[in-house]
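Enquirer: Below is the file upload_21.txt, with compact mmCIF, C-alpha atoms.
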# COMPACT_ATOMS: atom_id res chain seq x y z
CA GLY A 195 -96.57 0.34 -7.74
CA GLY A 196 -99.98 -0.70 -9.05
CA LEU A 197 -98.58 -2.64 -12.02
CA ASN A 198 -99.83 -6.08 -12.92
CA ALA A 199 -98.36 -8.72 -15.17
CA VAL A 200 -100.32 -9.51 -18.33
CA SER A 201 -99.67 -12.53 -20.50
CA LEU A 202 -98.93 -11.72 -24.14
CA LYS A 203 -99.83 -13.76 -27.12
CA ASP A 204 -96.28 -13.63 -28.46
CA GLY A 205 -93.13 -13.96 -26.33
CA SER A 206 -90.67 -11.04 -26.31
CA ASN A 207 -87.45 -10.12 -24.49
CA ARG A 208 -88.56 -6.50 -24.37
CA CYS A 209 -91.88 -4.88 -23.54
CA PHE A 210 -93.52 -1.71 -22.18
CA ALA A 211 -95.82 -1.29 -19.24
CA VAL A 212 -99.02 0.85 -19.66
CA ASN A 213 -102.21 1.42 -17.76
CA LYS A 214 -104.56 -1.54 -17.94
CA ASP A 215 -107.14 0.46 -19.89
CA HIS A 216 -104.75 1.06 -22.81
CA LYS A 217 -104.31 -2.40 -24.24
CA GLU A 218 -104.22 -1.04 -27.77
CA LEU A 219 -101.28 1.23 -26.83
CA LEU A 220 -99.49 -1.72 -25.26
CA SER A 221 -99.97 -3.76 -28.38
CA ILE A 222 -98.62 -0.96 -30.61
CA LEU A 223 -95.57 -0.32 -28.45
CA ASN A 224 -94.67 -3.98 -28.10
CA ARG A 225 -95.11 -4.57 -31.81
CA GLY A 226 -92.76 -1.64 -32.42
CA ILE A 227 -89.94 -2.80 -30.17
CA THR A 228 -90.29 -6.34 -31.46
CA ASN A 229 -89.27 -5.07 -34.89
CA LEU A 230 -86.14 -3.38 -33.48
CA PRO A 231 -82.74 -5.17 -33.64
CA ASP A 232 -81.98 -7.47 -30.67
CA ASP A 233 -79.04 -5.33 -29.54
CA TYR A 234 -80.86 -2.00 -29.85
CA SER A 235 -81.70 -1.68 -26.16
CA LEU A 236 -78.21 -2.70 -25.12
CA ASN A 237 -76.52 -0.23 -27.45
CA SER A 238 -78.91 2.55 -26.52
CA SER A 239 -78.60 2.09 -22.78
CA TYR A 240 -74.83 1.46 -22.65
CA LYS A 241 -73.91 5.18 -22.66
CA TYR A 242 -76.01 5.72 -19.51
CA THR A 243 -74.57 2.87 -17.46
CA SER A 244 -71.53 4.83 -16.23
CA SER A 245 -73.76 7.44 -14.61
CA MET A 246 -75.94 4.80 -13.00
CA TYR A 247 -73.17 3.14 -10.97
CA THR A 248 -69.47 3.81 -10.27
CA LEU A 249 -67.27 0.71 -9.73
CA THR A 250 -65.11 1.08 -6.57
CA PHE A 251 -61.91 -0.76 -5.69
CA LYS A 252 -63.84 -2.70 -3.08
CA ASP A 253 -66.35 -3.80 -5.73
CA TYR A 254 -63.51 -4.81 -8.04
CA LEU A 255 -61.87 -6.71 -5.19
CA VAL A 256 -65.07 -8.57 -4.36
CA GLN A 257 -65.59 -9.48 -8.01
CA HIS A 258 -62.01 -10.75 -8.36
CA ILE A 259 -61.39 -12.06 -4.84
CA PHE A 260 -59.99 -15.42 -5.99
CA ALA A 261 -57.49 -13.84 -8.38
CA PHE A 262 -56.48 -11.34 -5.68
CA MET A 263 -55.91 -14.10 -3.12
CA LEU A 264 -53.92 -16.12 -5.63
CA ILE A 265 -51.65 -13.17 -6.53
CA SER A 266 -51.23 -12.25 -2.85
CA GLY A 267 -50.24 -15.82 -2.03
CA ILE A 268 -47.68 -15.88 -4.83
CA ILE A 269 -46.17 -12.56 -3.68
CA VAL A 270 -45.97 -13.74 -0.04
CA ALA A 271 -44.38 -17.02 -1.14
CA LEU A 272 -41.81 -15.20 -3.28
CA LEU A 273 -40.94 -12.75 -0.48
CA SER A 274 -40.67 -15.58 2.06
CA GLY A 275 -38.42 -17.53 -0.27
CA LEU A 276 -36.22 -14.50 -0.90
CA ILE A 277 -35.90 -13.72 2.82
CA SER A 278 -35.06 -17.37 3.57
CA TYR A 279 -32.46 -17.41 0.80
CA ILE A 280 -30.82 -14.21 2.09
CA TYR A 281 -30.81 -15.61 5.64
CA VAL A 282 -29.20 -18.89 4.55
CA ILE A 283 -26.57 -17.06 2.50
CA HIS A 284 -25.78 -14.75 5.43
CA ARG A 285 -25.61 -17.65 7.88
CA ASN A 286 -23.37 -19.70 5.61
CA LYS A 287 -21.14 -16.68 5.02
CA LYS A 288 -20.73 -16.17 8.77
CA LYS A 289 -20.10 -19.90 9.25
CA MET A 290 -17.46 -19.98 6.52
CA HIS A 291 -15.76 -16.88 7.95
CA TYR A 292 -15.71 -18.49 11.39
CA ILE A 293 -14.16 -21.69 10.01
CA ALA A 294 -11.56 -19.66 8.10
CA THR A 295 -10.52 -17.60 11.13
CA HIS A 296 -10.73 -20.09 14.02
CA ASP A 297 -8.77 -23.14 15.09
CA ALA A 298 -10.90 -26.28 14.83
CA LEU A 299 -9.62 -27.90 18.04
CA THR A 300 -9.43 -25.03 20.53
CA LYS A 301 -11.92 -22.59 18.91
CA LEU A 302 -9.28 -19.88 19.34
CA LEU A 303 -8.43 -17.49 16.52
CA ASN A 304 -5.96 -18.96 14.03
CA ARG A 305 -2.92 -17.76 12.08
CA CYS A 306 -5.12 -16.44 9.26
CA SER A 307 -6.98 -14.24 11.74
CA TYR A 308 -3.66 -13.06 13.20
CA LYS A 309 -2.50 -12.03 9.71
CA GLU A 310 -5.74 -10.06 9.26
CA TYR A 311 -5.19 -8.28 12.60
CA ALA A 312 -1.56 -7.58 11.73
CA ASP A 313 -2.51 -6.01 8.39
CA ASN A 314 -5.07 -3.74 10.08
CA PHE A 315 -2.56 -2.84 12.79
CA GLU A 316 0.03 -1.74 10.24
CA ARG A 317 -2.50 0.60 8.59
CA GLN A 318 -3.11 2.53 11.80
CA LYS A 319 -1.44 5.94 11.85
CA ASN A 320 -1.00 5.96 15.62
CA LYS A 321 -0.43 2.39 16.75
CA ILE A 322 -1.99 1.49 20.08
CA ASP A 323 0.01 0.23 23.05
CA LEU A 324 0.02 -3.54 23.22
CA ILE A 325 1.88 -6.57 24.51
CA VAL A 326 2.57 -9.62 22.36
CA THR A 327 2.89 -12.85 24.32
CA VAL A 328 4.15 -16.09 22.78
CA ILE A 329 3.33 -19.34 24.59
CA ASP A 330 4.80 -22.73 23.66
CA ILE A 331 3.93 -26.04 25.34
CA ASN A 332 6.83 -27.96 26.80
CA GLY A 333 6.89 -31.73 26.23
CA LEU A 334 3.94 -32.04 23.84
CA LYS A 335 5.82 -34.49 21.61
CA THR A 336 6.64 -36.67 24.61
CA VAL A 337 2.99 -36.76 25.63
CA ASN A 338 1.95 -37.65 22.06
CA ASP A 339 4.58 -40.41 21.87
CA THR A 340 3.90 -41.96 25.30
CA LEU A 341 0.20 -41.32 25.96
CA GLY A 342 -1.19 -40.83 22.47
CA HIS A 343 -2.45 -37.90 20.46
CA GLU A 344 -5.74 -37.72 22.37
CA ALA A 345 -3.74 -36.90 25.49
CA GLY A 346 -1.73 -34.40 23.44
CA ASP A 347 -4.98 -32.76 22.33
CA ARG A 348 -6.06 -32.48 25.97
CA LEU A 349 -2.77 -30.74 26.73
CA ILE A 350 -3.39 -28.28 23.88
CA LEU A 351 -6.98 -27.70 25.04
CA GLY A 352 -5.77 -27.18 28.61
CA THR A 353 -3.35 -24.50 27.43
CA ALA A 354 -6.11 -22.80 25.43
CA ASP A 355 -8.51 -22.89 28.40
CA CYS A 356 -5.95 -21.27 30.71
CA LEU A 357 -5.24 -18.54 28.16
CA LYS A 358 -8.93 -17.84 27.62
CA ALA A 359 -9.67 -17.77 31.35
CA VAL A 360 -6.99 -15.15 32.06
CA LEU A 361 -6.38 -13.13 28.88
CA ALA A 362 -9.62 -13.26 26.86
CA PRO A 363 -11.06 -10.07 28.46
CA TYR A 364 -7.89 -8.13 27.59
CA GLY A 365 -7.29 -8.85 23.92
CA HIS A 366 -7.03 -11.60 21.32
CA ILE A 367 -5.70 -15.16 21.60
CA TYR A 368 -4.45 -17.20 18.65
CA ARG A 369 -3.33 -20.77 18.12
CA MET A 370 -0.54 -20.32 15.64
CA GLY A 371 -0.16 -24.05 15.03
CA GLY A 372 0.93 -27.19 16.85
CA ASP A 373 1.99 -26.29 20.40
CA GLU A 374 2.43 -22.55 19.77
CA PHE A 375 0.02 -19.85 20.92
CA LEU A 376 0.10 -16.07 20.71
CA ALA A 377 -1.83 -13.44 22.66
CA ILE A 378 -2.20 -9.75 21.82
CA THR A 379 -3.10 -7.74 24.92
CA ASP A 380 -4.31 -4.19 24.29
CA LYS A 381 -6.39 -3.64 27.45
CA GLY A 382 -5.50 -3.74 31.14
CA LEU A 383 -1.84 -3.12 30.38
CA SER A 384 -1.24 -1.43 33.74
CA GLN A 385 -1.94 -4.74 35.48
CA TRP A 386 0.06 -6.87 33.07
CA GLN A 387 2.47 -8.29 35.66
CA ASP A 388 -0.48 -9.47 37.76
CA LEU A 389 -2.08 -11.03 34.67
CA LEU A 390 1.15 -12.79 33.76
CA GLN A 391 1.43 -14.21 37.27
CA GLU A 392 -2.22 -15.30 37.16
CA LEU A 393 -1.55 -17.00 33.82
CA ARG A 394 1.42 -18.94 35.18
CA GLU A 395 -0.65 -20.02 38.18
CA ALA A 396 -3.43 -21.18 35.86
CA PHE A 397 -0.97 -23.37 33.94
CA ALA A 398 0.49 -24.74 37.16
CA GLY A 399 -2.98 -25.55 38.53
CA TRP A 400 -4.22 -27.45 35.46
CA THR A 401 -4.76 -31.17 36.06
CA ASP A 402 -5.37 -34.27 33.95
CA PRO A 403 -5.80 -37.96 34.91
CA GLU A 404 -2.80 -39.03 32.79
CA ILE A 405 -0.67 -35.95 32.18
CA LYS A 406 1.48 -34.95 35.13
CA ASN A 407 1.55 -31.22 34.51
CA LEU A 408 1.12 -28.45 31.99
CA ALA A 409 4.47 -26.74 31.47
CA VAL A 410 4.84 -23.85 29.02
CA ALA A 411 7.50 -21.38 27.96
CA ILE A 412 6.42 -17.74 27.75
CA GLY A 413 7.99 -14.75 26.01
CA THR A 414 6.63 -11.20 25.81
CA ALA A 415 7.34 -7.98 23.90
CA ASP A 416 5.69 -4.55 23.88
CA ASN A 417 5.73 -1.41 21.74
CA PHE A 418 5.51 1.09 24.59
CA ASN A 419 8.77 2.82 23.65
CA ASP A 420 8.82 2.16 19.91
CA LYS A 421 5.62 2.52 17.88
CA THR A 422 7.47 1.68 14.64
CA LEU A 423 7.63 -2.00 15.57
CA THR A 424 5.39 -4.26 13.54
CA LEU A 425 3.52 -7.20 15.03
CA ASP A 426 5.89 -9.61 13.30
CA GLU A 427 8.86 -7.81 14.85
CA LEU A 428 7.23 -7.91 18.27
CA GLN A 429 6.50 -11.60 17.77
CA ALA A 430 10.16 -12.22 16.89
CA ILE A 431 11.30 -10.50 20.10
CA ALA A 432 8.78 -12.49 22.16
CA ASP A 433 9.84 -15.72 20.38
CA LYS A 434 13.47 -15.13 21.38
CA LYS A 435 12.52 -14.73 25.03
CA MET A 436 10.23 -17.75 24.89
CA TYR A 437 12.99 -19.97 23.45
CA ALA A 438 15.37 -18.79 26.17
CA GLU A 439 12.81 -19.78 28.82
CA LYS A 440 12.19 -23.12 27.08
CA ALA A 441 15.93 -23.84 26.98
CA ALA A 442 16.20 -23.08 30.70
CA TYR A 443 13.27 -25.44 31.39
CA TYR A 444 14.84 -28.35 29.53
CA LYS A 445 18.24 -27.66 31.08
CA MET A 446 16.62 -27.85 34.50
CA LYS A 447 15.02 -31.16 33.46
CA GLY A 448 18.39 -32.45 32.27
CA HIS A 449 17.52 -32.41 28.56
CA ASN A 450 19.59 -30.63 25.95
CA ARG A 451 17.15 -29.89 23.14
CA GLY A 452 19.44 -27.57 21.20
CA LEU A 453 16.56 -25.11 20.82
CA THR A 454 16.93 -22.14 18.52
CA PRO A 455 14.47 -19.39 17.66
Before we go any further, please render this structure as structure tokens.
Expert:
Amino acid sequence: GGLNAVSLKDGSNRCFAVNKDHKELLSILNRGITNLPDDYSLNSSYKYTSSMYTLTFKDYLVQHIFAFMLISGIIVALLSGLISYIYVIHRNKKKMHYIATHDALTKLLNRCSYKEYADNFERQKNKIDLIVTVIDINGLKTVNDTLGHEAGDRLILGTADCLKAVLAPYGHIYRMGGDEFLAITDKGLSQWQDLLQELREAFAGWTDPEIKNLAVAIGTADNFNDKTLTLDELQAIADKKMYAEKAAYYKMKGHNRGLTP
């Protein structure tokens, strides 16, 4: 403290401060530094600046806050875009897999999905106990020809709904094509006869404003006594029984369809 400003005759970017009674000393000192190069003070003091103040990360951040915010925004945008892209790819992959393995009309599993299950089943060392059930709609062609294909679709959907209502908790249900369905039951096998009766009652109880009834032929096969049987072989056995039941149905109705497996 105690310093006062004194106007100089000549302007200078550098000067010394002295006691007010030593004007001659002030004049000598200022004349001396005036003759020094302009960058002398900067070059001389530069080596001491690091000891005067240490730059922290916070200081750096404050000095470059705009650049930091810009970079952070770009990183967040890139990460958000990448996550969105992965999500869309995953969702589309699941959607495509669903379309490839499900029947468009009934939403049941399709023949492609059955083939996948069959391949996995054949690779099992100890095959599980299961029952293969083949279901075929009776009179679908007649319904299509007399009432139209929309009515025929309702008959197919009715069959699928009955199968799902009774057998869905106990295994897998497939629409193999047209009027043919297949169910693989690998749970609740001890109550199979009750389930089969419940299934027949579900078909018998189905109603529609135009279609008189829902009649189906059913054939079953199991691997309880022979684990060497493949799913295709079990399906063939069930098919044979189903065609025998279908033939009996049409014979009772007075129609000779000449059905063969």
Enquirer: So, counting all atoms listed in the file, which residue among A:Tyr254, A:Phe375, A:Tyr444, A:Tyr364 is closest to Leu389 of chain A?
Expert: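 Between A:Tyr254, A:Phe375, A:Tyr444, A:Tyr364, the residue approaching Leu389 of chain A most closely is A:Tyr364.
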Enquirer: For segment 288-302 of chain A, please output as an MDAnalysis selection string all residues within 6 Å (counting all atoms listed in the file; exclusion window: fewer than 5 positions along the same chain).
Expert: chainID A and resid 307 351 368
Enquirer: Atom CA of Val328 of chain A to atom CA of Gly365 of chain A: how many Å, to one decimal?
Expert: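 Distance reported for this atom pair: 13.6 Å.
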Enquirer: Given all atoms listed in the file as the basis, pick out the residue of A:Lys434, A:Arg348, A:His216, A:Arg305 nearest to Ile331 of chain A.
Expert: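 Under the stated criterion, the closest residue is A:Arg348.
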Enquirer: With distances taken over all atoms listed in the file, which residue among A:Leu334, A:Ala415, A:Ile329, A:Leu376 lies nearest Glu439 of chain A?
Expert: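 Under the stated criterion, the closest residue is A:Ile329.
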Enquirer: Would you mind telling me which residue in A:Thr379, A:Ala345, A:Leu255, A:Phe260 lies nearest to Pro403 of chain A when using all atoms listed in the file?
Expert: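 Among A:Thr379, A:Ala345, A:Leu255, A:Phe260, it is A:Ala345 that comes nearest to Pro403 of chain A.
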Enquirer: Mind pulling up the distance from atom CA of Asn332 of chain A to atom CA of Asp388 of chain A?
Expert: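 We find that atom CA of Asp388 of chain A and atom CA of Asn332 of chain A lie 22.7 Å from each other.
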Enquirer: Would you please work out which residue, of A:Ile268, A:Pro363, A:Lys217, A:Ala411, is nearest to Ala441 of chain A when using all atoms listed in the file?
Expert: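 Among A:Ile268, A:Pro363, A:Lys217, A:Ala411, it is A:Ala411 that comes nearest to Ala441 of chain A.
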Enquirer: For each of A:Ala312, A:Met446, A:Leu341, A:Val410, take the minimum atom-to-atom distance to Thr353 of chain A, counting all atoms listed in the file, then give the residue where this is smallest.
Expert: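 Closest candidate: A:Val410.
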Enquirer: Within 8 Å of (6.7, -16.5, 26.1) (coordinates as in the file), grab all the protein and nucleic acid residues, counting only C-alpha atoms, and write them out as a PyMOL selection string.
Expert: chain A and resi 327-330+411-414+432-433+435-437+439
